[in-house]
$ cat upload.pdb   # PDB, C-alpha atoms
ATOM      1  CA  MET A   1       0.000   0.000   0.000
ATOM      2  CA  THR A   2       1.345   3.411  -0.920
ATOM      3  CA  GLU A   3       1.606   5.718   2.061
ATOM      4  CA  THR A   4       1.515   9.346   0.984
ATOM      5  CA  LEU A   5       2.943  11.564   3.670
ATOM      6  CA  ALA A   6       2.471  15.301   3.857
ATOM      7  CA  PRO A   7       5.731  17.100   4.629
ATOM      8  CA  THR A   8       5.800  18.901   7.938
ATOM      9  CA  SER A   9       7.678  21.942   9.179
ATOM     10  CA  ARG A  10       8.072  23.902  12.334
ATOM     11  CA  SER A  11       5.485  26.547  11.514
ATOM     12  CA  ARG A  12       2.831  24.706   9.563
ATOM     13  CA  SER A  13      -0.715  25.533  10.580
ATOM     14  CA  ARG A  14      -3.549  23.031  10.673
ATOM     15  CA  ARG A  15      -5.252  24.970   7.892
ATOM     16  CA  ARG A  16      -2.186  24.637   5.643
ATOM     17  CA  VAL A  17      -1.954  20.896   6.298
ATOM     18  CA  ALA A  18      -5.616  20.497   5.464
ATOM     19  CA  GLY A  19      -5.078  22.443   2.264
ATOM     20  CA  LEU A  20      -2.128  20.294   1.278
ATOM     21  CA  LEU A  21      -4.035  17.091   1.925
ATOM     22  CA  GLY A  22      -6.909  18.468  -0.080
ATOM     23  CA  ALA A  23      -4.563  19.189  -2.949
ATOM     24  CA  LEU A  24      -3.291  15.651  -2.800
ATOM     25  CA  ALA A  25      -6.821  14.287  -2.870
ATOM     26  CA  ALA A  26      -7.661  16.477  -5.836
ATOM     27  CA  GLY A  27      -4.575  15.330  -7.710
ATOM     28  CA  LEU A  28      -3.047  18.807  -7.780
ATOM     29  CA  LEU A  29       0.331  17.577  -6.580
ATOM     30  CA  MET A  30       2.402  15.269  -8.706
ATOM     31  CA  PRO A  31       1.585  11.569  -8.234
ATOM     32  CA  VAL A  32       3.941   8.964  -6.864
ATOM     33  CA  ILE A  33       6.537   8.160  -9.506
ATOM     34  CA  THR A  34       6.723   4.420 -10.022
ATOM     35  CA  ALA A  35       8.153   2.187 -12.695
ATOM     36  CA  ALA A  36       5.688   1.443 -15.460
ATOM     37  CA  PRO A  37       4.576  -2.183 -15.720
ATOM     38  CA  ALA A  38       6.148  -4.206 -18.472
ATOM     39  CA  GLN A  39       3.090  -4.301 -20.689
ATOM     40  CA  ALA A  40       2.969  -0.479 -20.774
ATOM     41  CA  ALA A  41       6.583  -0.038 -21.901
ATOM     42  CA  THR A  42       6.019   0.172 -25.664
ATOM     43  CA  ALA A  43       9.693   0.863 -26.400
ATOM     44  CA  ARG A  44      10.603  -2.616 -25.139
ATOM     45  CA  ASN A  45      10.710  -4.623 -28.354
ATOM     46  CA  GLY A  46      13.352  -7.270 -27.644
ATOM     47  CA  VAL A  47      16.026  -5.444 -29.649
ATOM     48  CA  CYS A  48      19.029  -4.012 -27.806
ATOM     49  CA  GLU A  49      19.151  -0.540 -29.320
ATOM     50  CA  SER A  50      21.291   2.510 -28.661
ATOM     51  CA  GLY A  51      20.445   4.087 -25.311
ATOM     52  CA  GLU A  52      19.182   0.840 -23.794
ATOM     53  CA  PHE A  53      20.345  -1.606 -21.136
ATOM     54  CA  CYS A  54      19.597  -5.212 -21.980
ATOM     55  CA  TYR A  55      19.367  -8.501 -20.134
ATOM     56  CA  TYR A  56      20.001 -11.855 -21.822
ATOM     57  CA  TYR A  57      18.591 -15.162 -20.687
ATOM     58  CA  ASN A  58      21.856 -17.021 -21.339
ATOM     59  CA  SER A  59      25.503 -16.190 -20.712
ATOM     60  CA  ASP A  60      27.611 -14.443 -23.362
ATOM     61  CA  ASN A  61      24.680 -12.335 -24.585
ATOM     62  CA  ALA A  62      22.747 -15.298 -25.911
ATOM     63  CA  GLY A  63      19.109 -16.277 -25.672
ATOM     64  CA  SER A  64      16.092 -14.011 -25.462
ATOM     65  CA  VAL A  65      16.602 -10.274 -24.839
ATOM     66  CA  SER A  66      14.801  -7.821 -22.559
ATOM     67  CA  ASP A  67      15.618  -4.164 -23.254
ATOM     68  CA  PHE A  68      15.219  -1.140 -20.941
ATOM     69  CA  SER A  69      15.601   2.617 -21.307
ATOM     70  CA  SER A  70      15.377   3.556 -17.612
ATOM     71  CA  SER A  71      15.975   2.381 -14.057
ATOM     72  CA  VAL A  72      13.608  -0.256 -12.657
ATOM     73  CA  PRO A  73      13.340  -0.720  -8.863
ATOM     74  CA  ASP A  74      11.616  -4.113  -9.090
ATOM     75  CA  LEU A  75      11.588  -6.292 -12.194
ATOM     76  CA  GLY A  76       8.640  -8.302 -10.884
ATOM     77  CA  ALA A  77       8.576 -12.028 -10.241
ATOM     78  CA  THR A  78       5.359 -13.304 -11.801
ATOM     79  CA  GLN A  79       3.345 -12.925 -14.967
ATOM     80  CA  PRO A  80       1.515 -10.942 -16.156
ATOM     81  CA  SER A  81       3.014  -8.009 -14.228
ATOM     82  CA  CYS A  82       6.725  -8.815 -14.502
ATOM     83  CA  TYR A  83       9.183  -7.507 -17.061
ATOM     84  CA  ASP A  84       9.857 -10.482 -19.326
ATOM     85  CA  PHE A  85      12.280 -11.541 -22.039
ATOM     86  CA  LYS A  86      10.880 -10.295 -25.345
ATOM     87  CA  SER A  87      12.775 -11.608 -28.346
ATOM     88  CA  SER A  88      12.696 -15.101 -29.804
ATOM     89  CA  GLY A  89      15.117 -17.621 -28.361
ATOM     90  CA  ALA A  90      15.697 -19.454 -25.106
ATOM     91  CA  GLY A  91      13.828 -17.806 -22.244
ATOM     92  CA  GLN A  92      11.274 -15.859 -24.289
ATOM     93  CA  GLY A  93       8.349 -14.890 -22.049
ATOM     94  CA  VAL A  94      10.196 -15.719 -18.811
ATOM     95  CA  CYS A  95      10.319 -13.015 -16.128
ATOM     96  CA  VAL A  96      13.683 -11.205 -16.142
ATOM     97  CA  LYS A  97      13.870 -11.109 -12.337
ATOM     98  CA  ASN A  98      16.139 -13.926 -11.131
ATOM     99  CA  HIS A  99      16.526 -15.315 -14.664
ATOM    100  CA  ALA A 100      19.189 -13.149 -16.361
ATOM    101  CA  ALA A 101      22.683 -14.479 -17.053
ATOM    102  CA  SER A 102      24.333 -11.663 -19.021
ATOM    103  CA  VAL A 103      23.842  -8.010 -19.930
ATOM    104  CA  ARG A 104      24.721  -5.382 -22.523
ATOM    105  CA  ASN A 105      24.953  -1.665 -21.748
ATOM    106  CA  ARG A 106      24.242   0.602 -24.724
ATOM    107  CA  THR A 107      23.440   3.651 -22.591
ATOM    108  CA  GLY A 108      25.694   6.666 -22.246
ATOM    109  CA  GLY A 109      26.590   5.869 -18.639
ATOM    110  CA  LYS A 110      27.103   3.044 -16.204
ATOM    111  CA  VAL A 111      24.231   0.805 -15.098
ATOM    112  CA  THR A 112      24.235  -1.168 -11.845
ATOM    113  CA  VAL A 113      22.396  -4.475 -11.388
ATOM    114  CA  TYR A 114      21.251  -5.335  -7.849
ATOM    115  CA  PHE A 115      20.391  -8.541  -6.011
ATOM    116  CA  ASN A 116      17.469  -6.950  -4.165
ATOM    117  CA  SER A 117      14.530  -4.906  -5.326
ATOM    118  CA  GLY A 118      14.864  -1.208  -4.562
ATOM    119  CA  TYR A 119      18.554  -1.118  -5.576
ATOM    120  CA  GLY A 120      19.953  -2.987  -2.590
ATOM    121  CA  GLY A 121      22.223  -5.892  -1.734
ATOM    122  CA  GLN A 122      25.049  -7.280  -3.862
ATOM    123  CA  SER A 123      25.617  -5.307  -7.046
ATOM    124  CA  GLN A 124      27.559  -5.303 -10.305
ATOM    125  CA  THR A 125      28.222  -2.119 -12.271
ATOM    126  CA  ILE A 126      28.364  -2.346 -16.059
ATOM    127  CA  ALA A 127      30.320   0.352 -17.891
ATOM    128  CA  SER A 128      28.841   2.193 -20.855
ATOM    129  CA  GLY A 129      29.313   0.145 -24.029
ATOM    130  CA  ALA A 130      30.216  -3.041 -22.155
ATOM    131  CA  ASP A 131      28.923  -6.597 -22.362
ATOM    132  CA  ALA A 132      29.182  -8.760 -19.254
ATOM    133  CA  ASN A 133      28.166 -12.039 -17.723
ATOM    134  CA  LEU A 134      26.542 -11.499 -14.352
ATOM    135  CA  VAL A 135      28.775 -12.605 -11.498
ATOM    136  CA  THR A 136      28.031 -15.410  -9.073
ATOM    137  CA  GLY A 137      25.424 -14.132  -6.652
ATOM    138  CA  LEU A 138      23.728 -12.065  -9.362
ATOM    139  CA  LYS A 139      23.456 -14.575 -12.208
ATOM    140  CA  ASN A 140      19.823 -15.683 -12.071
ATOM    141  CA  GLU A 141      19.552 -13.617  -8.863
ATOM    142  CA  ASN A 142      18.875 -10.137 -10.285
ATOM    143  CA  ALA A 143      16.005  -7.975  -9.032
ATOM    144  CA  SER A 144      16.595  -4.328 -10.045
ATOM    145  CA  HIS A 145      18.890  -2.035 -12.008
ATOM    146  CA  LEU A 146      19.846   1.620 -11.752
ATOM    147  CA  PHE A 147      20.985   3.941 -14.539
ATOM    148  CA  ALA A 148      23.869   6.356 -13.895
ATOM    149  CA  ALA A 149      21.568   9.379 -14.043
ATOM    150  CA  ASP A 150      19.698   8.026 -11.009
ATOM    151  CA  ASP A 151      22.363   6.167  -9.065
ATOM    152  CA  GLY A 152      23.525   8.733  -6.561
ATOM    153  CA  THR A 153      26.746   9.751  -8.272
ATOM    154  CA  TRP A 154      27.476  12.787  -6.182
ATOM    155  CA  THR A 155      27.930  15.349  -8.930
ATOM    156  CA  GLN A 156      27.033  18.989  -8.437
ATOM    157  CA  ALA A 157      24.089  18.446 -10.761
ATOM    158  CA  PHE A 158      22.794  15.717  -8.449
ATOM    159  CA  ILE A 159      23.390  17.761  -5.303
ATOM    160  CA  VAL A 160      21.276  20.696  -6.510
ATOM    161  CA  ARG A 161      18.798  18.722  -8.630
ATOM    162  CA  GLU A 162      15.241  20.051  -8.392
ATOM    163  CA  GLU A 163      12.846  17.222  -7.545
ATOM    164  CA  ASN A 164       9.326  18.577  -7.174
ATOM    165  CA  ARG A 165       7.702  15.188  -6.741
ATOM    166  CA  SER A 166       5.531  13.782  -3.995
ATOM    167  CA  GLY A 167       4.486  10.503  -2.418
ATOM    168  CA  PHE A 168       6.391   7.778  -0.619
ATOM    169  CA  SER A 169       5.942   4.011  -0.544
ATOM    170  CA  ALA A 170       8.401   1.945   1.471
ATOM    171  CA  GLY A 171       7.830  -0.993  -0.861
ATOM    172  CA  SER A 172       8.396   0.966  -4.065
ATOM    173  CA  VAL A 173      11.132   3.536  -3.543
ATOM    174  CA  THR A 174      11.821   5.534  -6.714
ATOM    175  CA  ALA A 175      15.285   5.959  -8.200
ATOM    176  CA  TYR A 176      15.440   9.583  -7.013
ATOM    177  CA  GLN A 177      14.440   8.606  -3.481
ATOM    178  CA  ALA A 178      16.931   5.728  -3.371
ATOM    179  CA  ALA A 179      19.742   8.012  -4.541
ATOM    180  CA  ASN A 180      18.872  10.644  -1.939
ATOM    181  CA  ILE A 181      18.723   8.111   0.881
ATOM    182  CA  LYS A 182      22.088   6.694  -0.185
ATOM    183  CA  PHE A 183      23.499  10.218  -0.242
ATOM    184  CA  ILE A 184      22.275  10.849   3.304
ATOM    185  CA  ILE A 185      23.986   7.604   4.331
ATOM    186  CA  ALA A 186      27.196   8.586   2.512
ATOM    187  CA  VAL A 187      27.392  11.999   4.179
ATOM    188  CA  GLY A 188      26.596  10.483   7.564
ATOM    189  CA  LYS A 189      29.380   7.940   7.185
ATOM    190  CA  GLY A 190      31.756  10.652   6.028
ATOM    191  CA  TYR A 191      31.183  12.752   9.141
ATOM    192  CA  GLY A 192      31.154   9.959  11.691
ATOM    193  CA  ILE A 193      27.418   9.842  12.332
ATOM    194  CA  SER A 194      26.247   6.592  13.901
ATOM    195  CA  ALA A 195      23.828   4.219  12.205
ATOM    196  CA  LYS A 196      21.081   5.497  14.502
ATOM    197  CA  GLY A 197      21.834   9.092  13.555
ATOM    198  CA  ILE A 198      21.710   8.280   9.849
ATOM    199  CA  GLN A 199      18.446   6.414  10.361
ATOM    200  CA  THR A 200      17.125   9.537  12.094
ATOM    201  CA  ALA A 201      18.009  11.615   9.033
ATOM    202  CA  ILE A 202      16.290   9.117   6.728
ATOM    203  CA  ALA A 203      13.115   9.130   8.832
ATOM    204  CA  THR A 204      13.167  12.925   8.825
ATOM    205  CA  THR A 205      13.486  13.315   5.061
ATOM    206  CA  ILE A 206      10.677  10.802   4.484
ATOM    207  CA  VAL A 207       8.385  12.891   6.684
ATOM    208  CA  GLU A 208       9.528  16.303   5.506
ATOM    209  CA  SER A 209       9.888  15.885   1.745
ATOM    210  CA  TRP A 210       9.054  12.298   0.774
ATOM    211  CA  ALA A 211      12.865  11.986   0.329
ATOM    212  CA  TYR A 212      12.858  14.409  -2.617
ATOM    213  CA  ASN A 213      14.853  17.626  -2.950
ATOM    214  CA  ARG A 214      11.785  19.802  -3.293
ATOM    215  CA  TYR A 215      12.273  23.340  -4.599
ATOM    216  CA  VAL A 216       8.591  24.222  -4.540
ATOM    217  CA  ILE A 217       7.691  25.875  -1.236
ATOM    218  CA  THR A 218       5.415  23.650   0.824
ATOM    219  CA  ASP A 219       5.148  25.928   3.840
ATOM    220  CA  ALA A 220       6.333  29.497   4.424
ATOM    221  CA  ASP A 221       9.875  29.516   2.961
ATOM    222  CA  SER A 222      10.795  25.844   3.488
ATOM    223  CA  GLY A 223      12.645  23.728   0.935
ATOM    224  CA  GLY A 224      14.975  20.813   0.267
ATOM    225  CA  LEU A 225      15.315  17.296   1.651
ATOM    226  CA  PHE A 226      14.660  18.404   5.231
ATOM    227  CA  GLN A 227      12.303  21.320   4.496
ATOM    228  CA  GLN A 228      14.631  23.710   6.276
ATOM    229  CA  ARG A 229      13.593  27.364   6.459
ATOM    230  CA  PRO A 230      15.872  30.311   5.683
ATOM    231  CA  ALA A 231      13.779  32.472   8.020
ATOM    232  CA  SER A 232      14.619  30.053  10.841
ATOM    233  CA  GLY A 233      18.347  30.330  10.256
ATOM    234  CA  TRP A 234      19.008  27.191   8.204
ATOM    235  CA  GLY A 235      20.666  29.056   5.330
ATOM    236  CA  THR A 236      19.710  30.842   2.144
ATOM    237  CA  TYR A 237      17.068  29.712  -0.349
ATOM    238  CA  SER A 238      19.789  27.942  -2.358
ATOM    239  CA  GLN A 239      21.597  26.458   0.643
ATOM    240  CA  VAL A 240      18.569  24.631   2.045
ATOM    241  CA  ARG A 241      17.996  23.142  -1.430
ATOM    242  CA  ASN A 242      21.596  21.975  -1.720
ATOM    243  CA  LYS A 243      21.489  18.324  -0.616
ATOM    244  CA  PHE A 244      25.026  18.344   0.751
ATOM    245  CA  LEU A 245      24.640  21.525   2.791
ATOM    246  CA  ALA A 246      21.169  20.583   4.036
ATOM    247  CA  THR A 247      22.308  17.127   5.129
ATOM    248  CA  LYS A 248      25.381  18.543   6.868
ATOM    249  CA  ALA A 249      23.138  21.056   8.632
ATOM    250  CA  PHE A 250      20.862  18.287   9.903
ATOM    251  CA  TYR A 251      23.863  16.346  11.171
ATOM    252  CA  GLY A 252      25.283  19.447  12.867
ATOM    253  CA  VAL A 253      28.509  19.602  10.850
ATOM    254  CA  ALA A 254      27.745  22.582   8.583
ATOM    255  CA  SER A 255      29.478  25.955   8.678
ATOM    256  CA  HIS A 256      26.739  27.942   6.914
ATOM    257  CA  THR A 257      24.289  27.726   9.842
ATOM    258  CA  SER A 258      24.583  27.846  13.615
ATOM    259  CA  ASN A 259      21.334  25.942  14.134
ATOM    260  CA  PRO A 260      21.923  22.814  16.230
ATOM    261  CA  GLY A 261      22.024  19.448  14.487
ATOM    262  CA  LEU A 262      22.491  15.897  15.710
ATOM    263  CA  LYS A 263      26.130  16.322  16.710
ATOM    264  CA  ASP A 264      25.198  19.175  19.031
ATOM    265  CA  PHE A 265      23.588  16.803  21.546
ATOM    266  CA  ASP A 266      23.789  13.147  22.574
ATOM    267  CA  TYR A 267      21.461  11.946  19.843
ATOM    268  CA  ASN A 268      22.270   8.276  20.424
ATOM    269  CA  SER A 269      20.520   8.467  23.799
ATOM    270  CA  TYR A 270      17.282   9.583  22.122
ATOM    271  CA  SER A 271      14.764   7.605  20.119
ATOM    272  CA  ILE A 272      14.859   8.250  16.372
ATOM    273  CA  GLY A 273      11.689  10.307  16.596
ATOM    274  CA  ALA A 274      12.836  12.348  19.590
ATOM    275  CA  ALA A 275      16.230  13.092  18.014
ATOM    276  CA  ALA A 276      14.573  14.203  14.780
ATOM    277  CA  GLN A 277      12.215  16.470  16.684
ATOM    278  CA  LYS A 278      15.056  18.051  18.659
ATOM    279  CA  VAL A 279      16.617  19.166  15.366
ATOM    280  CA  GLN A 280      13.456  19.959  13.406
ATOM    281  CA  ARG A 281      11.300  21.494  16.156
ATOM    282  CA  SER A 282       8.161  20.441  14.305
ATOM    283  CA  ALA A 283       4.558  21.167  15.203
ATOM    284  CA  TYR A 284       3.929  17.464  14.497
ATOM    285  CA  PRO A 285       6.637  15.608  16.457
ATOM    286  CA  ASP A 286       5.025  12.162  16.385
ATOM    287  CA  ARG A 287       5.440  11.779  12.634
ATOM    288  CA  TYR A 288       9.175  11.049  12.804
ATOM    289  CA  GLN A 289       9.003   8.007  15.069
ATOM    290  CA  ALA A 290       6.248   6.600  12.851
ATOM    291  CA  GLN A 291       8.855   6.287  10.072
ATOM    292  CA  ALA A 292      11.623   4.834  12.264
ATOM    293  CA  SER A 293      11.160   1.200  11.214
ATOM    294  CA  THR A 294      11.093   2.178   7.534
ATOM    295  CA  ALA A 295      14.251   4.252   7.990
ATOM    296  CA  ILE A 296      16.053   1.365   9.687
ATOM    297  CA  SER A 297      15.010  -1.020   6.918
ATOM    298  CA  LEU A 298      16.204   1.328   4.163
ATOM    299  CA  TYR A 299      19.487   1.950   5.962
ATOM    300  CA  ASN A 300      20.088  -1.796   6.263
ATOM    301  CA  GLN A 301      19.200  -2.276   2.608
ATOM    302  CA  TYR A 302      21.595   0.348   1.233
ATOM    303  CA  GLN A 303      24.411   1.005   3.677
ATOM    304  CA  ALA A 304      26.748  -1.828   2.665
ATOM    305  CA  SER A 305      27.126  -0.445  -0.865
ATOM    306  CA  VAL A 306      27.625   3.224   0.152
ATOM    307  CA  GLN A 307      31.029   4.794   0.678
ATOM    308  CA  PRO A 308      31.662   7.790   2.997
ATOM    309  CA  TYR A 309      31.366  11.217   1.374
ATOM    310  CA  THR A 310      32.695  14.549   2.629
ATOM    311  CA  GLY A 311      32.644  16.580  -0.568
TER     312      GLY A 311
END

$ encode --input "upload.pdb" --output "structure tokens"
Amino acid sequence: MTETLAPTSRSRSRRRVAGLLGALAAGLLMPVITAAPAQAATARNGVCESGEFCYYYNSDNAGSVSDFSSSVPDLGATQPSCYDFKSSGAGQGVCVKNHAASVRNRTGGKVTVYFNSGYGGQSQTIASGADANLVTGLKNENASHLFAADDGTWTQAFIVREENRSGFSAGSVTAYQAANIKFIIAVGKGYGISAKGIQTAIATTIVESWAYNRYVITDADSGGLFQQRPASGWGTYSQVRNKFLATKAFYGVASHTSNPGLKDFDYNSYSIGAAAQKVQRSAYPDRYQAQASTAISLYNQYQASVQPYTG
């Protein structure tokens, strides 16, 4: 079930929350972005064309082909909803999930294949223009793949990317959300934040922004992953929408704001929800703890593949 959370901030009024929920109900905000089901992907014709990433049923790029032009968080395990092998040959009609042996990358960037749905677990990165047999542990054990444009490569373009989307489902995290959560983990590791502190940041961004770097103002002058407000001392309009600066500010390791973050108190002695509230000072403090189990699960799913980042 998709759980659509309304972002919260320190000064939101009940009337504004009601208005936001009304907008959601009326479809005025953007819907949850999810991967299209296989049968709706008309470009998937079983031919590995330029710009596509392709799975093969057999090793050495043999057997039936399944071609993709974007990231897919869950390839699906059963017909008729799964992504299947399209072309003639061995494996035609079989679901791609847990049945691919080799791949071809004809995109302009790297593509990473993952053991778990939602871009987690063991992974193998395929360079642009490369053919490869999937390694042991991924051969016939593949569940998702992530294109370079979505994979959390910490470029400046990624760090300031405008993501005016909405909606969050723990069981169907989008590529943008996965990249942002991985980035929060990377920055936390880079600055010595404990697992619990990083989980606190993940829970907070789920509540505040659906884990998107929102430029559109939800309340007053708030923006970014943590819906920080310039008027409350969190930085300028641009700084609160800079993922790196906003995440550092939440952790309490930023130089552009004197507002207290996690490192300014003994956050490990607090619950995830209480620690988040101490930083955010929200009018709706109970919302953070409600996302604690989801934050822990996402941290456990991604953290092994994320390296520390300090800029």

$ resolve_selection --input "upload.pdb" --expression "the PyMOL selection byres ((chain A and resi 264-266) around 12)" --output "list of chain:residue names"
A:Ile193, A:Ser194, A:Lys196, A:Gly197, A:Ala249, A:Phe250, A:Tyr251, A:Gly252, A:Val253, A:Ala254, A:Ser258, A:Asn259, A:Pro260, A:Gly261, A:Leu262, A:Lys263, A:Tyr267, A:Asn268, A:Ser269, A:Tyr270, A:Ser271, A:Ile272, A:Ala274, A:Ala275, A:Ala276, A:Lys278, A:Val279

$ closest_residue --input "upload.pdb" --among "A:Arg106, A:Arg44, A:Lys248, A:Arg229" --to "A:Ile217" --atoms "only C-alpha atoms"
A:Arg229

$ atom_distance --input "upload.pdb" --atom1 "atom CA of A:Ala178" --atom2 "atom CA of A:Gln228"
20.5 Å

$ closest_residue --input "upload.pdb" --among "A:Ala203, A:Gly192, A:Thr155, A:Leu146" --to "A:Phe168" --atoms "all atoms listed in the file"
A:Ala203

$ closest_residue --input "upload.pdb" --among "A:Gly63, A:Gly46, A:Gly311, A:Gly118" --to "A:Gly190" --atoms "all atoms listed in the file"
A:Gly311

$ atom_distance --input "upload.pdb" --atom1 "atom CA of A:Glu141" --atom2 "atom CA of A:Gly121"
10.8 Å

$ closest_residue --input "upload.pdb" --among "A:Ala186, A:Ala100, A:Ala90, A:Cys54" --to "A:Ala143" --atoms "all atoms listed in the file"
A:Ala100

$ atom_distance --input "upload.pdb" --atom1 "atom CA of A:Ile159" --atom2 "atom CA of A:Ile206"
17.5 Å

$ build_atoms --input "upload.pdb" --residues "stretch 67-74 of chain A" --atoms "all heavy atoms" --output "mmCIF file, in the frame of the given file"
data_model
loop_
_atom_site.group_PDB
_atom_site.id
_atom_site.type_symbol
_atom_site.label_atom_id
_atom_site.label_comp_id
_atom_site.auth_asym_id
_atom_site.auth_seq_id
_atom_site.Cartn_x
_atom_site.Cartn_y
_atom_site.Cartn_z
ATOM 1 N N ASP A 67 14.950 -5.459 -23.136
ATOM 2 C CA ASP A 67 15.618 -4.164 -23.254
ATOM 3 C C ASP A 67 14.914 -3.095 -22.430
ATOM 4 O O ASP A 67 13.692 -3.068 -22.323
ATOM 5 C CB ASP A 67 15.687 -3.728 -24.722
ATOM 6 C CG ASP A 67 14.332 -3.754 -25.406
ATOM 7 O OD1 ASP A 67 13.656 -4.802 -25.366
ATOM 8 O OD2 ASP A 67 13.934 -2.712 -25.975
ATOM 9 N N PHE A 68 15.731 -2.174 -21.841
ATOM 10 C CA PHE A 68 15.219 -1.140 -20.941
ATOM 11 C C PHE A 68 15.866 0.203 -21.261
ATOM 12 O O PHE A 68 17.044 0.271 -21.600
ATOM 13 C CB PHE A 68 15.525 -1.497 -19.485
ATOM 14 C CG PHE A 68 14.839 -2.746 -19.002
ATOM 15 C CD1 PHE A 68 15.410 -3.994 -19.233
ATOM 16 C CD2 PHE A 68 13.632 -2.676 -18.340
ATOM 17 C CE1 PHE A 68 14.779 -5.146 -18.796
ATOM 18 C CE2 PHE A 68 12.992 -3.825 -17.904
ATOM 19 C CZ PHE A 68 13.565 -5.062 -18.136
ATOM 20 N N SER A 69 15.088 1.267 -21.076
ATOM 21 C CA SER A 69 15.601 2.617 -21.307
ATOM 22 C C SER A 69 15.634 3.450 -20.033
ATOM 23 O O SER A 69 15.911 4.646 -20.080
ATOM 24 C CB SER A 69 14.741 3.331 -22.357
ATOM 25 O OG SER A 69 13.392 3.407 -21.928
ATOM 26 N N SER A 70 15.367 2.818 -18.875
ATOM 27 C CA SER A 70 15.377 3.556 -17.612
ATOM 28 C C SER A 70 15.598 2.600 -16.450
ATOM 29 O O SER A 70 15.543 1.374 -16.610
ATOM 30 C CB SER A 70 14.057 4.311 -17.409
ATOM 31 O OG SER A 70 12.980 3.405 -17.301
ATOM 32 N N SER A 71 15.827 3.170 -15.275
ATOM 33 C CA SER A 71 15.975 2.381 -14.057
ATOM 34 C C SER A 71 14.665 1.667 -13.729
ATOM 35 O O SER A 71 13.581 2.175 -14.007
ATOM 36 C CB SER A 71 16.338 3.291 -12.880
ATOM 37 O OG SER A 71 17.524 4.002 -13.123
ATOM 38 N N VAL A 72 14.787 0.494 -13.107
ATOM 39 C CA VAL A 72 13.608 -0.256 -12.657
ATOM 40 C C VAL A 72 13.881 -0.753 -11.239
ATOM 41 O O VAL A 72 14.808 -1.540 -11.027
ATOM 42 C CB VAL A 72 13.294 -1.446 -13.586
ATOM 43 C CG1 VAL A 72 12.124 -2.258 -13.031
ATOM 44 C CG2 VAL A 72 12.969 -0.960 -14.993
ATOM 45 N N PRO A 73 13.083 -0.323 -10.250
ATOM 46 C CA PRO A 73 13.340 -0.720 -8.863
ATOM 47 C C PRO A 73 12.928 -2.146 -8.529
ATOM 48 O O PRO A 73 13.393 -2.711 -7.547
ATOM 49 C CB PRO A 73 12.523 0.290 -8.057
ATOM 50 C CG PRO A 73 11.417 0.691 -8.974
ATOM 51 C CD PRO A 73 12.008 0.680 -10.350
ATOM 52 N N ASP A 74 12.045 -2.731 -9.331
ATOM 53 C CA ASP A 74 11.616 -4.113 -9.090
ATOM 54 C C ASP A 74 11.165 -4.706 -10.417
ATOM 55 O O ASP A 74 10.172 -4.268 -10.996
ATOM 56 C CB ASP A 74 10.482 -4.157 -8.069
ATOM 57 C CG ASP A 74 10.109 -5.582 -7.659
ATOM 58 O OD1 ASP A 74 10.615 -6.536 -8.284
ATOM 59 O OD2 ASP A 74 9.310 -5.734 -6.717
#
